[in-house]
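coords00.cif (mmCIF, C-alpha atoms) appears below.
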```
data_structure
#
loop_
_atom_site.group_PDB
_atom_site.id
_atom_site.type_symbol
_atom_site.label_atom_id
_atom_site.label_comp_id
_atom_site.auth_asym_id
_atom_site.auth_seq_id
_atom_site.Cartn_x
_atom_site.Cartn_y
_atom_site.Cartn_z
ATOM 1 C CA MET A 215 89.504 112.751 36.994
ATOM 2 C CA GLU A 216 91.819 109.812 37.432
ATOM 3 C CA VAL A 217 94.720 109.277 35.049
ATOM 4 C CA ASN A 218 92.967 106.368 33.310
ATOM 5 C CA GLU A 219 89.783 108.415 32.904
ATOM 6 C CA VAL A 220 91.759 111.320 31.425
ATOM 7 C CA LEU A 221 93.512 108.961 29.002
ATOM 8 C CA GLU A 222 90.205 107.418 27.907
ATOM 9 C CA GLU A 223 88.623 110.844 27.440
ATOM 10 C CA PHE A 224 91.633 112.014 25.417
ATOM 11 C CA LYS A 225 91.314 108.927 23.184
ATOM 12 C CA LYS A 226 87.590 109.596 22.622
ATOM 13 C CA CYS A 227 88.324 113.195 21.638
ATOM 14 C CA LYS A 228 91.116 112.144 19.292
ATOM 15 C CA ALA A 229 88.943 109.530 17.579
ATOM 16 C CA ASP A 230 85.888 111.719 17.028
ATOM 17 C CA PRO A 231 85.940 115.459 16.250
ATOM 18 C CA SER A 232 82.164 115.606 16.768
ATOM 19 C CA TYR A 233 82.530 114.280 20.311
ATOM 20 C CA PHE A 234 85.408 116.672 21.060
ATOM 21 C CA ILE A 235 83.558 119.705 19.714
ATOM 22 C CA SER A 236 80.192 119.005 21.337
ATOM 23 C CA LYS A 237 81.719 118.120 24.710
ATOM 24 C CA TYR A 238 84.587 120.619 25.052
ATOM 25 C CA ILE A 239 84.376 123.506 22.597
ATOM 26 C CA LYS A 240 82.907 126.793 23.771
ATOM 27 C CA VAL A 241 82.016 129.624 21.403
ATOM 28 C CA VAL A 242 81.017 133.240 21.804
ATOM 29 C CA HIS A 243 77.333 133.772 21.067
ATOM 30 C CA PRO A 244 76.416 137.385 20.191
ATOM 31 C CA MET A 245 73.585 137.487 22.759
ATOM 32 C CA ARG A 246 74.476 134.854 25.386
ATOM 33 C CA GLY A 247 78.264 135.224 25.591
ATOM 34 C CA LEU A 248 80.432 132.127 26.021
ATOM 35 C CA VAL A 249 78.371 128.967 25.465
ATOM 36 C CA PRO A 250 78.999 125.278 24.676
ATOM 37 C CA PHE A 251 79.028 124.532 20.942
ATOM 38 C CA GLU A 252 75.868 122.498 20.415
ATOM 39 C CA LEU A 253 76.063 120.841 17.013
ATOM 40 C CA TYR A 254 73.074 120.725 14.703
ATOM 41 C CA PRO A 255 72.557 117.478 12.725
ATOM 42 C CA PHE A 256 73.719 119.165 9.484
ATOM 43 C CA GLN A 257 76.942 120.234 11.239
ATOM 44 C CA GLU A 258 77.510 116.630 12.321
ATOM 45 C CA LYS A 259 77.173 115.637 8.650
ATOM 46 C CA ILE A 260 79.730 118.284 7.674
ATOM 47 C CA LEU A 261 82.209 116.934 10.238
ATOM 48 C CA LYS A 262 81.687 113.412 8.920
ATOM 49 C CA ALA A 263 82.344 114.641 5.374
ATOM 50 C CA LEU A 264 85.503 116.459 6.486
ATOM 51 C CA THR A 265 86.926 113.321 8.066
ATOM 52 C CA GLU A 266 85.948 111.018 5.195
ATOM 53 C CA ASN A 267 86.732 113.138 2.132
ATOM 54 C CA ARG A 268 89.848 114.945 1.031
ATOM 55 C CA PHE A 269 87.942 117.716 -0.804
ATOM 56 C CA ASN A 270 84.783 119.389 0.460
ATOM 57 C CA ILE A 271 82.803 122.370 -0.803
ATOM 58 C CA LEU A 272 79.934 123.716 1.263
ATOM 59 C CA ARG A 273 77.053 125.564 -0.279
ATOM 60 C CA LYS A 274 75.131 126.750 2.707
ATOM 61 C CA PHE A 275 72.698 129.286 4.077
ATOM 62 C CA ARG A 276 73.798 132.416 5.937
ATOM 63 C CA GLN A 277 74.655 132.173 9.616
ATOM 64 C CA ALA A 278 74.950 128.371 9.533
ATOM 65 C CA GLY A 279 77.910 128.389 11.906
ATOM 66 C CA CYS A 280 80.204 126.839 9.314
ATOM 67 C CA THR A 281 83.126 129.205 9.984
ATOM 68 C CA THR A 282 82.859 128.375 13.672
ATOM 69 C CA LEU A 283 82.553 124.671 12.885
ATOM 70 C CA GLY A 284 85.558 124.840 10.553
ATOM 71 C CA SER A 285 87.523 126.676 13.231
ATOM 72 C CA ALA A 286 86.711 123.986 15.799
ATOM 73 C CA TYR A 287 87.705 121.277 13.307
ATOM 74 C CA CYS A 288 91.014 123.049 12.648
ATOM 75 C CA LEU A 289 91.700 123.143 16.387
ATOM 76 C CA TRP A 290 90.816 119.451 16.733
ATOM 77 C CA MET A 291 93.221 118.614 13.912
ATOM 78 C CA ALA A 292 96.019 120.741 15.386
ATOM 79 C CA ILE A 293 95.664 119.140 18.811
ATOM 80 C CA PHE A 294 95.220 115.498 17.863
ATOM 81 C CA GLN A 295 97.240 115.141 14.650
ATOM 82 C CA GLN A 296 100.987 115.625 14.796
ATOM 83 C CA HIS A 297 102.809 118.096 12.545
ATOM 84 C CA LYS A 298 99.858 119.336 10.491
ATOM 85 C CA THR A 299 99.900 122.684 8.733
ATOM 86 C CA ILE A 300 96.418 124.161 8.673
ATOM 87 C CA VAL A 301 95.878 127.193 6.452
ATOM 88 C CA ILE A 302 92.790 129.386 6.654
ATOM 89 C CA LEU A 303 92.191 131.973 3.923
ATOM 90 C CA SER A 304 89.693 134.753 4.596
ATOM 91 C CA LYS A 305 88.436 137.772 2.679
ATOM 92 C CA GLY A 306 90.668 140.322 4.414
ATOM 93 C CA ASP A 307 93.069 140.835 7.286
ATOM 94 C CA THR A 308 90.297 141.637 9.767
ATOM 95 C CA GLU A 309 88.402 138.461 8.884
ATOM 96 C CA SER A 310 91.517 136.284 9.008
ATOM 97 C CA THR A 311 92.452 137.504 12.499
ATOM 98 C CA GLU A 312 88.837 137.077 13.664
ATOM 99 C CA VAL A 313 88.872 133.410 12.625
ATOM 100 C CA LEU A 314 92.137 132.761 14.460
ATOM 101 C CA ASP A 315 90.826 134.659 17.497
ATOM 102 C CA ARG A 316 87.832 132.265 17.583
ATOM 103 C CA ILE A 317 90.227 129.329 17.594
ATOM 104 C CA LYS A 318 92.276 130.879 20.399
ATOM 105 C CA ILE A 319 89.161 131.358 22.544
ATOM 106 C CA MET A 320 88.214 127.720 21.917
ATOM 107 C CA TYR A 321 91.729 126.631 22.923
ATOM 108 C CA ASP A 322 91.767 128.816 26.041
ATOM 109 C CA GLU A 323 88.476 127.322 27.254
ATOM 110 C CA LEU A 324 89.628 123.692 26.952
ATOM 111 C CA PRO A 325 90.463 121.684 30.065
ATOM 112 C CA GLU A 326 94.208 121.485 30.672
ATOM 113 C CA PHE A 327 94.513 117.805 29.731
ATOM 114 C CA LEU A 328 93.470 118.672 26.150
ATOM 115 C CA LYS A 329 95.923 121.563 25.694
ATOM 116 C CA PRO A 330 99.229 120.502 24.139
ATOM 117 C CA GLY A 331 100.809 123.883 24.915
ATOM 118 C CA ILE A 332 101.499 126.874 22.692
ATOM 119 C CA VAL A 333 104.866 127.375 20.984
ATOM 120 C CA GLU A 334 103.980 130.476 18.957
ATOM 121 C CA ASP A 335 101.007 132.825 19.157
ATOM 122 C CA ASN A 336 100.636 135.978 17.073
ATOM 123 C CA LYS A 337 98.096 137.787 14.914
ATOM 124 C CA HIS A 338 98.137 135.195 12.112
ATOM 125 C CA THR A 339 99.687 132.062 13.616
ATOM 126 C CA LEU A 340 99.032 129.565 16.392
ATOM 127 C CA LYS A 341 101.652 126.831 16.751
ATOM 128 C CA LEU A 342 101.152 124.033 19.273
ATOM 129 C CA ASN A 343 103.476 121.561 21.001
ATOM 130 C CA SER A 344 101.870 118.855 18.859
ATOM 131 C CA GLY A 345 104.004 120.254 16.030
ATOM 132 C CA SER A 346 100.871 121.460 14.268
ATOM 133 C CA ILE A 347 100.394 125.041 13.182
ATOM 134 C CA ILE A 348 97.329 127.057 12.218
ATOM 135 C CA LYS A 349 97.995 129.947 9.839
ATOM 136 C CA SER A 350 95.203 132.398 9.105
ATOM 137 C CA ARG A 351 95.824 134.711 6.155
ATOM 138 C CA PRO A 352 93.912 137.340 4.198
ATOM 139 C CA SER A 353 93.227 136.579 0.553
ATOM 140 C CA GLY A 354 95.117 138.443 -2.098
ATOM 141 C CA LYS A 355 97.329 137.977 -5.113
ATOM 142 C CA GLN A 356 99.972 136.088 -3.172
ATOM 143 C CA SER A 357 97.711 134.416 -0.591
ATOM 144 C CA GLY A 358 98.664 130.884 0.124
ATOM 145 C CA ARG A 359 101.689 130.959 -2.162
ATOM 146 C CA SER A 360 104.489 128.949 -0.606
ATOM 147 C CA LEU A 361 102.188 127.739 2.187
ATOM 148 C CA ALA A 362 102.194 123.960 1.971
ATOM 149 C CA GLY A 363 99.221 122.801 3.982
ATOM 150 C CA SER A 364 97.755 119.577 5.305
ATOM 151 C CA PHE A 365 94.337 121.236 5.466
ATOM 152 C CA LEU A 366 93.066 124.346 3.697
ATOM 153 C CA MET A 367 89.922 126.168 4.763
ATOM 154 C CA ILE A 368 88.740 128.973 2.474
ATOM 155 C CA ASP A 369 86.259 131.010 4.461
ATOM 156 C CA GLU A 370 83.565 132.898 2.541
ATOM 157 C CA ALA A 371 85.085 131.717 -0.742
ATOM 158 C CA ALA A 372 82.490 133.584 -2.826
ATOM 159 C CA PHE A 373 83.975 136.868 -1.625
ATOM 160 C CA ILE A 374 87.594 135.967 -2.348
#
```

Whole structure, structure tokens version:
Amino acid sequence: MEVNEVLEEFKKCKADPSYFISKYIKVVHPMRGLVPFELYPFQEKILKALTENRFNILRKFRQAGCTTLGSAYCLWMAIFQQHKTIVILSKGDTESTEVLDRIKIMYDELPEFLKPGIVEDNKHTLKLNSGSIIKSRPSGKQSGRSLAGSFLMIDEAAFI
């Protein structure tokens, strides 16, 4: 791609998380392996709600792909919005690391022009050169205390 084409594509991705996710995000399917993330219409509606509303609560059916969608949205935010702190709370330590691992796979599979670079990468944290950081933590008595966040995702909230 030419420099102007790369710049235009970057702008499209920054302006529209749905475009970014459907065009560039890859996810691990349990049967087919690594596949492009093809959004269902209800997932498009969720993304629209996330961008238009400060507070969102999803009541959904099982296996709707909402954790994966939320993970992709968190990555979009971390890449395209400067100095955001994204906090993900999950049921336990295993679940919290699994969510961050999904995000890391998504990041790794992006084309280079969309990767801002990694500053810090460990079990519970992914910090990018954009100044944004994704923190994934297990729930518990002290979960989230002292974590000031720009975006909070509570995964499987009914179990926390």

Is there a way to get, as a PyMOL selection string, all residues within 12 Å of the point (92.5, 130.7, 5.8) in file coordinates, counting all atoms listed in the file? chain A and resi 281+284-285+288+299-314+338-339+348-354+357-358+361+363+365-371+374

Report, in Å to a single decimal, how far apart CA of Met320 (chain A) and CA of Ile271 (chain A) are. 24.0 Å

Around the point (80.2, 129.7, 15.5), in the coordinates given by the file, pick out the residues reaching within 8 Å, counting all atoms listed in the file, and return them as a list in words. Val241, Val242, His243, Phe251, Gly279, Cys280, Thr281, Thr282 and Leu283 of chain A

Would you put the residues from that selection into a file with C-alpha atoms, as a compact mmCIF listing (two decimals), in the frame of the given file?
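Saved to part30.txt:
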```
# COMPACT_ATOMS: atom_id res chain seq x y z
CA VAL A 241 82.02 129.62 21.40
CA VAL A 242 81.02 133.24 21.80
CA HIS A 243 77.33 133.77 21.07
CA PHE A 251 79.03 124.53 20.94
CA GLY A 279 77.91 128.39 11.91
CA CYS A 280 80.20 126.84 9.31
CA THR A 281 83.13 129.21 9.98
CA THR A 282 82.86 128.38 13.67
CA LEU A 283 82.55 124.67 12.88
```

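You can rank A:Ala362, A:Glu216, A:Ala286, A:Leu340 by their closest distance to Lys237 (chain A) using only C-alpha atoms, and at the top of that list sits A:Ala286.
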
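From CA of Leu221 (chain A) back to CA of Gly331 (chain A), the distance works out to 17.1 Å.
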
In Å, rounded to a single decimal, give me how far CA of Ile317 (chain A) is from CA of Leu248 (chain A). 13.2 Å

Expected selection from the PyMOL selection byres ((chain A and resi 236) around 12), given as a PyMOL selection string: chain A and resi 227+230-235+237-241+249-255+257-258+261+283+286-287+290+320+324

Using the chain letters and numbers from the file, which residues does the PyMOL selection byres ((chain A and resi 333) around 6) grab, as a ChimeraX atom specification? /A:332,334,341-343
